[in-house]
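**Q** This is the structure, below, for whatever I ask next.
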Amino acid sequence: MNSEIDFNEFLRILDQLGYSRVERVDSLNEYSVRGGIIDINPSHTSHGIRLDFFGDELESIREFNVNTQLSLNEIDSFSLSSGHELPLDENSIGLFKSQWREYFLDIDERNVDLFKSISDGILIDGYEVYLPFFFKEMKLSSFIDYIPNLELISFSNALEVANEYHNYLKERYLIESNEIYRPIPKVEKLFLELETFKEYLERSKKINLKDKSFLFEQKNIFELISDLHDTKSAKNFKKVFIATNNDETLNEVQKIIPNIELINHAEDIKNKSFYLTKQNNLRSQVLDTTLLLHVENIQSFNYQQPVVSDETKSDSLIESINFDEGDYVVHESYGIGIYEGLKTVATSNHEEEFLEVVYQDNEKLFIPTRQHYLLSKFQRNNIDHPLDSLSSKKWINKKKKIKDKVNDLAIELLDIESKRSISTSIPMRLDLKIDADFNNSFPYQLTKDQLTCINDVYKDLKLIKPMNRVICGDVGFGKTEVAMRATNLVAYNQKQIIILCPSTVLVSQHLETFKIRFKNFPYLIEGLSRHKTVKEKNNIISNFNNKKIDILIGTHALLNSEIDFSNVGLLVIDEEHRFGTKQKEFIKSKQTGIHILSLSATPIPKTLNYIFSGLKDFSYLYSPPSNRISTKTFVKVHENQIIKSSIQREVSRNGQVFYVTNDISQHERSKAYLLELMPNLRIGIAHGQLKKSEIKQEMNAFSTGELDVLICTTIVEMGLDIPNANTIIVDNAHRFGLAQLHQLRGRVGRSSKQAYCYYLIPDKHIPKHADNRLEALSRHSALGAGYFIAQEDLELRGAGQFLGEKQSGHIEEIGLTLYLSILKDCINQLKGIDDKNKIDFEINLGDKSLIPEKYLPSMTDRLKYYRKISACKNVEDIKKISKDLVDQCGKLPTAVKNLLYDAEIALTATEIGISNIYLNRNNFLQFKFIKPISDENFKKFMELMNSNLYEFKLNAENKINLKLKSNDARQQIKSFINALI
């Protein structure tokens, strides 16, 4: 640090080392430049490296979190290695080309994209297959070559596994060796030879797992710990280490083993048999007579779980909605155009950035960044959707007609709300001890969003007004736990709970889950579905009506007039988007004071309508559980090799596969087809036309790992939780709905393993609307994308079945966001609420007030910061933005300081009704008020004028002209406004 380094020379070195220059560092071996800040993400460090330069002087070196882009701590030094896994200098590429040409004598290199890209010094996906050509004699080394004296440990079945994998590689080579567009070398060139592997095995220490097999049986983790302590199983181990992520589990384990030794470091280990520790980065494993059991990582004994901090998400839900150049957008006042990015506009005495939107006949509109809220994304059905014209009044007339029609819908929605608002419910009383006891039985750590949602629900349940809340969260993000906490509170208050599920499979799963979670509580839980006999069904209804059953979980069978709802305190609607209005209104009509909690990954359009119009409360689970990884999503044409390789890859890592096709008549044919590709697969079939016992048998076999592949319909779409299934193949994906496909994708990726989803289509010529759906899923593949998919689904399919064809057409014409904005305005107008209090504040002091492109090159990030600045509610918010900018981009340029100071002025100026501050040519600061100056303010003006501190003039146009008396106009403005306040 504090040493002289040529800034530009250092950038040249990064290029030579093979680091890729990007606007924002997201991946390994990338670097970015923002002002005097250089961010680097080397492959050999845990965090990114941030260098803060002042000219050519390196002032500080910091580690930073690549996900949040925020600095972590200062360090004294750093080292850099090559930015490529391979040397891509002239000599290395020359060796690659000569050896490749000599090996593939009969292949035309002009047809091989991989060869051409590597020859140009670019590594694309799949380059690893050509690794041998970079080394003399095409010989690769194994890690054992580098550490020859390494002590090797092997399982007793290692040779058997190696033989199977070697045969699999040879089979893959036979299939792909004739490929002229991507020729591959022989197996022995890429992989360790089997004979060499056998030599390593001979000198390795063997571990026999036969007497440890009980560890791999499907059972509750706490039962397993109890077994280890109470039975002879523990005699297989001299030491047992139990690790966990959270305090609740620590307490639970200490209840099971009261004398367990709690340790923090290796030196704490004594002569005892059982130890307990709180650790994240551990994997469950067996080593000879030692067992390490990580409670949260028990799903896999051979997989290292990545650690994900609470700070993984740097952007909030709102910040994630951004525009890209070329996006269709809609402006409230001017209509539909194409967003062309940010453009700096300079006048004779002022410079700032504007959002540029192009309209019909290349007409351009420049929108100040402070008015970004007037723009929203427009999802078009038609690829050639016409643009509006700035010189025509068609948009204004269209918007007025739609507003008149939307007003009718607003009246209808308010009628629903008024009926609900006169209903009352019994406020729920919270017993802290009962609540804590139940919470402590949860074996995982709640995410921040889960805590927020639970607090929201608890607040609702304590009110006399019936709750009507939607919990929106992606599949596997913990919606069920929120519902369980609510259930516990309501059951404690001696009210009954109904859990409405869309499928018998989900009923069975919830029944099992609820019984496990409530096993220490005196509540009777039952399930009701079409699979119950008439006698069983009548018995359950009778017990529920007699208040013997506390929690009833069921399908549409619950929508039964024979059921007495008078004591029902809570209705939980799981997978809310699968139920129609009539079904949900049935129970509400029976008990108007019932609390309603809806759970959904992709809310239906009508629910979105209620949320945006304020008729339903809304909580969002945006943060994924710890260690969750986004599912990799592919849209592929149906090919044997894709199906075979994807299934073989999953099965080879002891995983399982969903193969989804809704054509039940083709299930047996699909099974025969898969067995022809891979004869040793264990395949099951599940669909709704099977008997209950058959479905249960197949599902149990799959969940316990007895099957490799489950061929099924969308029966598995809802709520099924099998962490070991991490590949899903959806055949004829173009025939499924958007929300349906998203739900199916959510069946995998429910553990820490990388999951894969393949949407297969017959060929590339599928209907445009289907192509739009699949493209949306590929785009929204990140964790937590369900809400955005719901919005896009509404726009793509029009929502006619929920809102009526007229309202659907309105959405198509003006876009969802503007439609909902108009709806909300209509509702507020009918309620007599003035929601137009926001003042469009403008300040122009004849200087630069913007984020320069050189300081923050990413246009997307600049727009994000403009949005953050305009959303600031207080000075502390502005200071945080200033701190983040300094951290990520370096010292603030004058233009950014001006921008932030202007935002601070806006906070106080708008409080007293000032809409515009302008420095005119006569060196007067002109203040414009949106309304006539009040008597109170006029009195203050007179007092200030008499004090001789300020020289100003009042005029009849709600304006004040203040004489500029210092070089710091902003400080004078701030003092003047503070004097008025």
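Ligands are numbered from 1 in the order shown, residues from 1 within each chain, and chains are lettered A, B, ... in the order they appear in the structure tokens.
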Tell me which protein, DNA and RNA residues are within 6 Å of Val358 (chain A), counting only C-alpha atoms, leaving out same-chain ones fewer than 6 positions away, and put them as number ranges by chain.

**A** A: 337-338, 364

**Q** If you take only C-alpha atoms and a cut-off of 10 Å, which residues of region 349-377 of chain A touch region 884-907 of chain A, and what are their nearest atom pairs and distances in Å to one decimal, in chain and number order, as a tab-separated table?

**A**
residue	atom	partner	partner_atom	distance
A:Glu351	CA	A:Ala895	CA	9.0
A:Glu352	CA	A:Ala895	CA	9.0
A:Arg370	CA	A:Ala903	CA	9.7

**Q** Kindly export the residues of the current selection with N, CA and C atoms, as a PDB file, in the first residue's frame.

**A**
ATOM      1  N   GLU A 351     -25.400  20.090 -16.650  1.00  0.00           N
ATOM      2  CA  GLU A 351     -25.185  18.776 -17.252  1.00  0.00           C
ATOM      3  C   GLU A 351     -25.781  17.706 -16.337  1.00  0.00           C
ATOM      4  N   GLU A 352     -26.639  16.844 -16.886  1.00  0.00           N
ATOM      5  CA  GLU A 352     -27.186  15.723 -16.127  1.00  0.00           C
ATOM      6  C   GLU A 352     -27.562  14.585 -17.077  1.00  0.00           C
ATOM      7  N   ARG A 370     -34.740  11.528 -12.155  1.00  0.00           N
ATOM      8  CA  ARG A 370     -35.597  11.646 -10.974  1.00  0.00           C
ATOM      9  C   ARG A 370     -37.033  11.239 -11.293  1.00  0.00           C
TER      10      ARG A 370
END

**Q** Please give the complete set of residues from region 91-201 of chain A that DSSP, run on the backbone, assigns to helix (DSSP H, G or I), formatted as a PyMOL selection string.

**A** chain A and resi 91-103+109-111+113-119+127-134+136-138+143-146+158-176+187-190+194-201

**Q** Of the candidates A:Ser43, A:Ser623, A:Gln496, A:Thr714, which shows the shortest atom-to-atom distance to Asp663 (chain A), using only C-alpha atoms?

**A**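 Closest to Asp663 (chain A), using only C-alpha atoms: A:Thr714.
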
**Q** Using only C-alpha atoms, can you tell me which of A:Lys696, A:Arg867, A:Lys953, A:Lys205 comes closest to Pro368 (chain A)?

**A**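 Of A:Lys696, A:Arg867, A:Lys953, A:Lys205, the one nearest Pro368 (chain A) is A:Arg867, counting only C-alpha atoms.
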
**Q** From the set A:Asp474, A:Glu252, A:Glu698, A:Asp145, which residue has the shortest atom-to-atom contact distance to Leu621 (chain A), counting only C-alpha atoms?

**A**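 Among A:Asp474, A:Glu252, A:Glu698, A:Asp145, it is A:Asp474 that comes nearest to Leu621 (chain A).
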
**Q** List every residue of region 437-490 of chain A that DSSP, applied to the backbone, labels as strand (DSSP E or B), and write the result as a compact mmCIF listing (two decimals) with N, CA and C atoms, in the first residue's frame.

**A**
# COMPACT_ATOMS: atom_id res chain seq x y z
N ASN A 468 -55.97 -11.13 5.71
CA ASN A 468 -56.06 -11.57 4.31
C ASN A 468 -54.69 -11.30 3.67
N ARG A 469 -53.74 -12.20 3.93
CA ARG A 469 -52.36 -11.96 3.54
C ARG A 469 -51.88 -13.03 2.56
N VAL A 470 -51.09 -12.58 1.60
CA VAL A 470 -50.45 -13.47 0.64
C VAL A 470 -48.96 -13.56 0.95
N ILE A 471 -48.45 -14.76 1.12
CA ILE A 471 -47.00 -14.97 1.25
C ILE A 471 -46.51 -15.47 -0.10
N CYS A 472 -45.74 -14.63 -0.77
CA CYS A 472 -45.20 -15.01 -2.07
C CYS A 472 -43.72 -15.34 -1.89
N GLY A 473 -43.35 -16.53 -2.26
CA GLY A 473 -41.95 -16.93 -2.14
C GLY A 473 -41.68 -18.09 -3.06

**Q** Write out as an NGL selection string the residues lying within 12 Å of region 684-686 of chain A, counting only C-alpha atoms and excluding same-chain residues fewer than 4 positions away.

**A** :A and (505 or 656-672 or 674-675 or 690-703 or 705-716)

**Q** Can I get the selected residues back with N, CA and C atoms, as a compact mmCIF listing (two decimals), in the first residue's frame?

**A**
# COMPACT_ATOMS: atom_id res chain seq x y z
N VAL A 505 -51.22 -35.72 -3.14
CA VAL A 505 -49.80 -35.91 -2.83
C VAL A 505 -49.34 -34.86 -1.81
N GLN A 656 -31.26 -38.49 -8.29
CA GLN A 656 -32.46 -39.02 -8.95
C GLN A 656 -33.05 -37.99 -9.90
N VAL A 657 -33.92 -38.47 -10.80
CA VAL A 657 -34.40 -37.65 -11.90
C VAL A 657 -35.93 -37.73 -12.01
N PHE A 658 -36.56 -36.55 -12.17
CA PHE A 658 -37.97 -36.49 -12.57
C PHE A 658 -38.02 -36.42 -14.10
N TYR A 659 -38.85 -37.25 -14.71
CA TYR A 659 -39.07 -37.18 -16.16
C TYR A 659 -40.56 -36.90 -16.34
N VAL A 660 -40.90 -35.66 -16.70
CA VAL A 660 -42.29 -35.21 -16.69
C VAL A 660 -42.87 -35.21 -18.10
N THR A 661 -43.96 -35.92 -18.28
CA THR A 661 -44.75 -35.84 -19.51
C THR A 661 -46.21 -36.01 -19.14
N ASN A 662 -47.07 -35.12 -19.61
CA ASN A 662 -48.47 -35.14 -19.20
C ASN A 662 -49.33 -36.13 -19.99
N ASP A 663 -48.75 -36.75 -21.01
CA ASP A 663 -49.50 -37.73 -21.80
C ASP A 663 -49.37 -39.10 -21.14
N ILE A 664 -50.38 -39.45 -20.33
CA ILE A 664 -50.32 -40.70 -19.56
C ILE A 664 -50.21 -41.91 -20.49
N SER A 665 -50.81 -41.84 -21.67
CA SER A 665 -50.77 -42.97 -22.60
C SER A 665 -49.36 -43.27 -23.08
N GLN A 666 -48.45 -42.30 -22.92
CA GLN A 666 -47.07 -42.49 -23.39
C GLN A 666 -46.10 -42.90 -22.27
N HIS A 667 -46.60 -43.05 -21.05
CA HIS A 667 -45.70 -43.33 -19.94
C HIS A 667 -44.94 -44.65 -20.10
N GLU A 668 -45.65 -45.71 -20.45
CA GLU A 668 -44.97 -47.00 -20.62
C GLU A 668 -44.00 -46.95 -21.79
N ARG A 669 -44.37 -46.24 -22.85
CA ARG A 669 -43.48 -46.09 -24.00
C ARG A 669 -42.22 -45.30 -23.60
N SER A 670 -42.42 -44.25 -22.77
CA SER A 670 -41.27 -43.48 -22.29
C SER A 670 -40.34 -44.33 -21.43
N LYS A 671 -40.93 -45.22 -20.64
CA LYS A 671 -40.12 -46.12 -19.81
C LYS A 671 -39.29 -47.06 -20.68
N ALA A 672 -39.92 -47.61 -21.70
CA ALA A 672 -39.20 -48.50 -22.61
C ALA A 672 -38.09 -47.74 -23.34
N LEU A 674 -36.42 -45.05 -22.27
CA LEU A 674 -35.31 -44.77 -21.36
C LEU A 674 -34.50 -46.02 -21.05
N LEU A 675 -35.19 -47.18 -20.94
CA LEU A 675 -34.48 -48.44 -20.68
C LEU A 675 -33.65 -48.87 -21.88
N LEU A 690 -53.74 -43.55 -11.30
CA LEU A 690 -53.39 -44.75 -10.53
C LEU A 690 -54.18 -44.78 -9.23
N LYS A 691 -54.26 -45.96 -8.62
CA LYS A 691 -54.90 -46.07 -7.32
C LYS A 691 -54.03 -45.37 -6.27
N LYS A 692 -54.66 -44.99 -5.18
CA LYS A 692 -53.95 -44.31 -4.11
C LYS A 692 -52.76 -45.14 -3.63
N SER A 693 -52.97 -46.42 -3.45
CA SER A 693 -51.90 -47.29 -2.94
C SER A 693 -50.74 -47.37 -3.94
N GLU A 694 -51.07 -47.36 -5.24
CA GLU A 694 -50.02 -47.42 -6.26
C GLU A 694 -49.20 -46.14 -6.29
N ILE A 695 -49.89 -44.98 -6.20
CA ILE A 695 -49.19 -43.70 -6.17
C ILE A 695 -48.28 -43.63 -4.94
N LYS A 696 -48.82 -44.05 -3.80
CA LYS A 696 -48.04 -44.00 -2.56
C LYS A 696 -46.81 -44.90 -2.65
N GLN A 697 -47.00 -46.07 -3.24
CA GLN A 697 -45.90 -47.02 -3.37
C GLN A 697 -44.78 -46.45 -4.25
N GLU A 698 -45.16 -45.85 -5.39
CA GLU A 698 -44.16 -45.29 -6.29
C GLU A 698 -43.45 -44.08 -5.67
N MET A 699 -44.23 -43.21 -5.03
CA MET A 699 -43.65 -42.02 -4.40
C MET A 699 -42.70 -42.40 -3.28
N ASN A 700 -43.10 -43.38 -2.46
CA ASN A 700 -42.23 -43.83 -1.37
C ASN A 700 -40.94 -44.43 -1.91
N ALA A 701 -41.07 -45.22 -2.99
CA ALA A 701 -39.88 -45.85 -3.59
C ALA A 701 -38.92 -44.78 -4.11
N PHE A 702 -39.49 -43.72 -4.68
CA PHE A 702 -38.65 -42.65 -5.22
C PHE A 702 -38.01 -41.85 -4.08
N SER A 703 -38.81 -41.52 -3.07
CA SER A 703 -38.29 -40.68 -1.99
C SER A 703 -37.24 -41.41 -1.15
N GLY A 705 -35.08 -43.52 -2.46
CA GLY A 705 -33.92 -43.80 -3.30
C GLY A 705 -33.93 -45.14 -3.99
N GLU A 706 -35.07 -45.84 -3.97
CA GLU A 706 -35.15 -47.15 -4.63
C GLU A 706 -35.29 -47.01 -6.14
N LEU A 707 -35.66 -45.83 -6.61
CA LEU A 707 -35.81 -45.57 -8.05
C LEU A 707 -34.81 -44.49 -8.48
N ASP A 708 -34.31 -44.62 -9.71
CA ASP A 708 -33.44 -43.60 -10.27
C ASP A 708 -34.24 -42.52 -10.98
N VAL A 709 -35.30 -42.94 -11.67
CA VAL A 709 -36.10 -42.02 -12.49
C VAL A 709 -37.57 -42.22 -12.17
N LEU A 710 -38.30 -41.12 -12.03
CA LEU A 710 -39.75 -41.19 -11.86
C LEU A 710 -40.39 -40.53 -13.07
N ILE A 711 -41.05 -41.34 -13.90
CA ILE A 711 -41.83 -40.79 -15.02
C ILE A 711 -43.18 -40.38 -14.46
N CYS A 712 -43.56 -39.12 -14.65
CA CYS A 712 -44.74 -38.63 -13.97
C CYS A 712 -45.41 -37.50 -14.74
N THR A 713 -46.60 -37.17 -14.30
CA THR A 713 -47.31 -36.00 -14.83
C THR A 713 -47.02 -34.83 -13.89
N THR A 714 -47.79 -33.77 -14.01
CA THR A 714 -47.60 -32.62 -13.12
C THR A 714 -48.14 -32.91 -11.72
N ILE A 715 -48.41 -34.18 -11.43
CA ILE A 715 -48.79 -34.59 -10.08
C ILE A 715 -47.69 -34.22 -9.08
N VAL A 716 -46.45 -34.12 -9.58
CA VAL A 716 -45.32 -33.79 -8.70
C VAL A 716 -45.09 -32.28 -8.61

**Q** Smallest atom-to-atom distance to Leu760 (chain A): which of A:Thr45, A:Gln740, A:Asn726, A:Asn640, using only C-alpha atoms?

**A**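 Among A:Thr45, A:Gln740, A:Asn726, A:Asn640, it is A:Asn640 that comes nearest to Leu760 (chain A).
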
**Q** Could you check which of A:Ile930, A:Leu863, A:Leu201, A:Leu818 is closest to Gly341 (chain A), using only C-alpha atoms?

**A**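 Looking only at the distances to Gly341 (chain A), the closest residue turns out to be A:Leu863.
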
**Q** Distance CA of Arg485 (chain A)-CA of Val748 (chain A), one decimal place?

**A** 25.2 Å

**Q** Need the shell around Asp771 (chain A): protein/DNA/RNA residues with any atom at most 10 Å away, counting only C-alpha atoms. Skip same-chain ones fewer than 3 positions apart. Format as an NGL selection string?

**A** :A and (635 or 733-734 or 761 or 764-768 or 774-776)
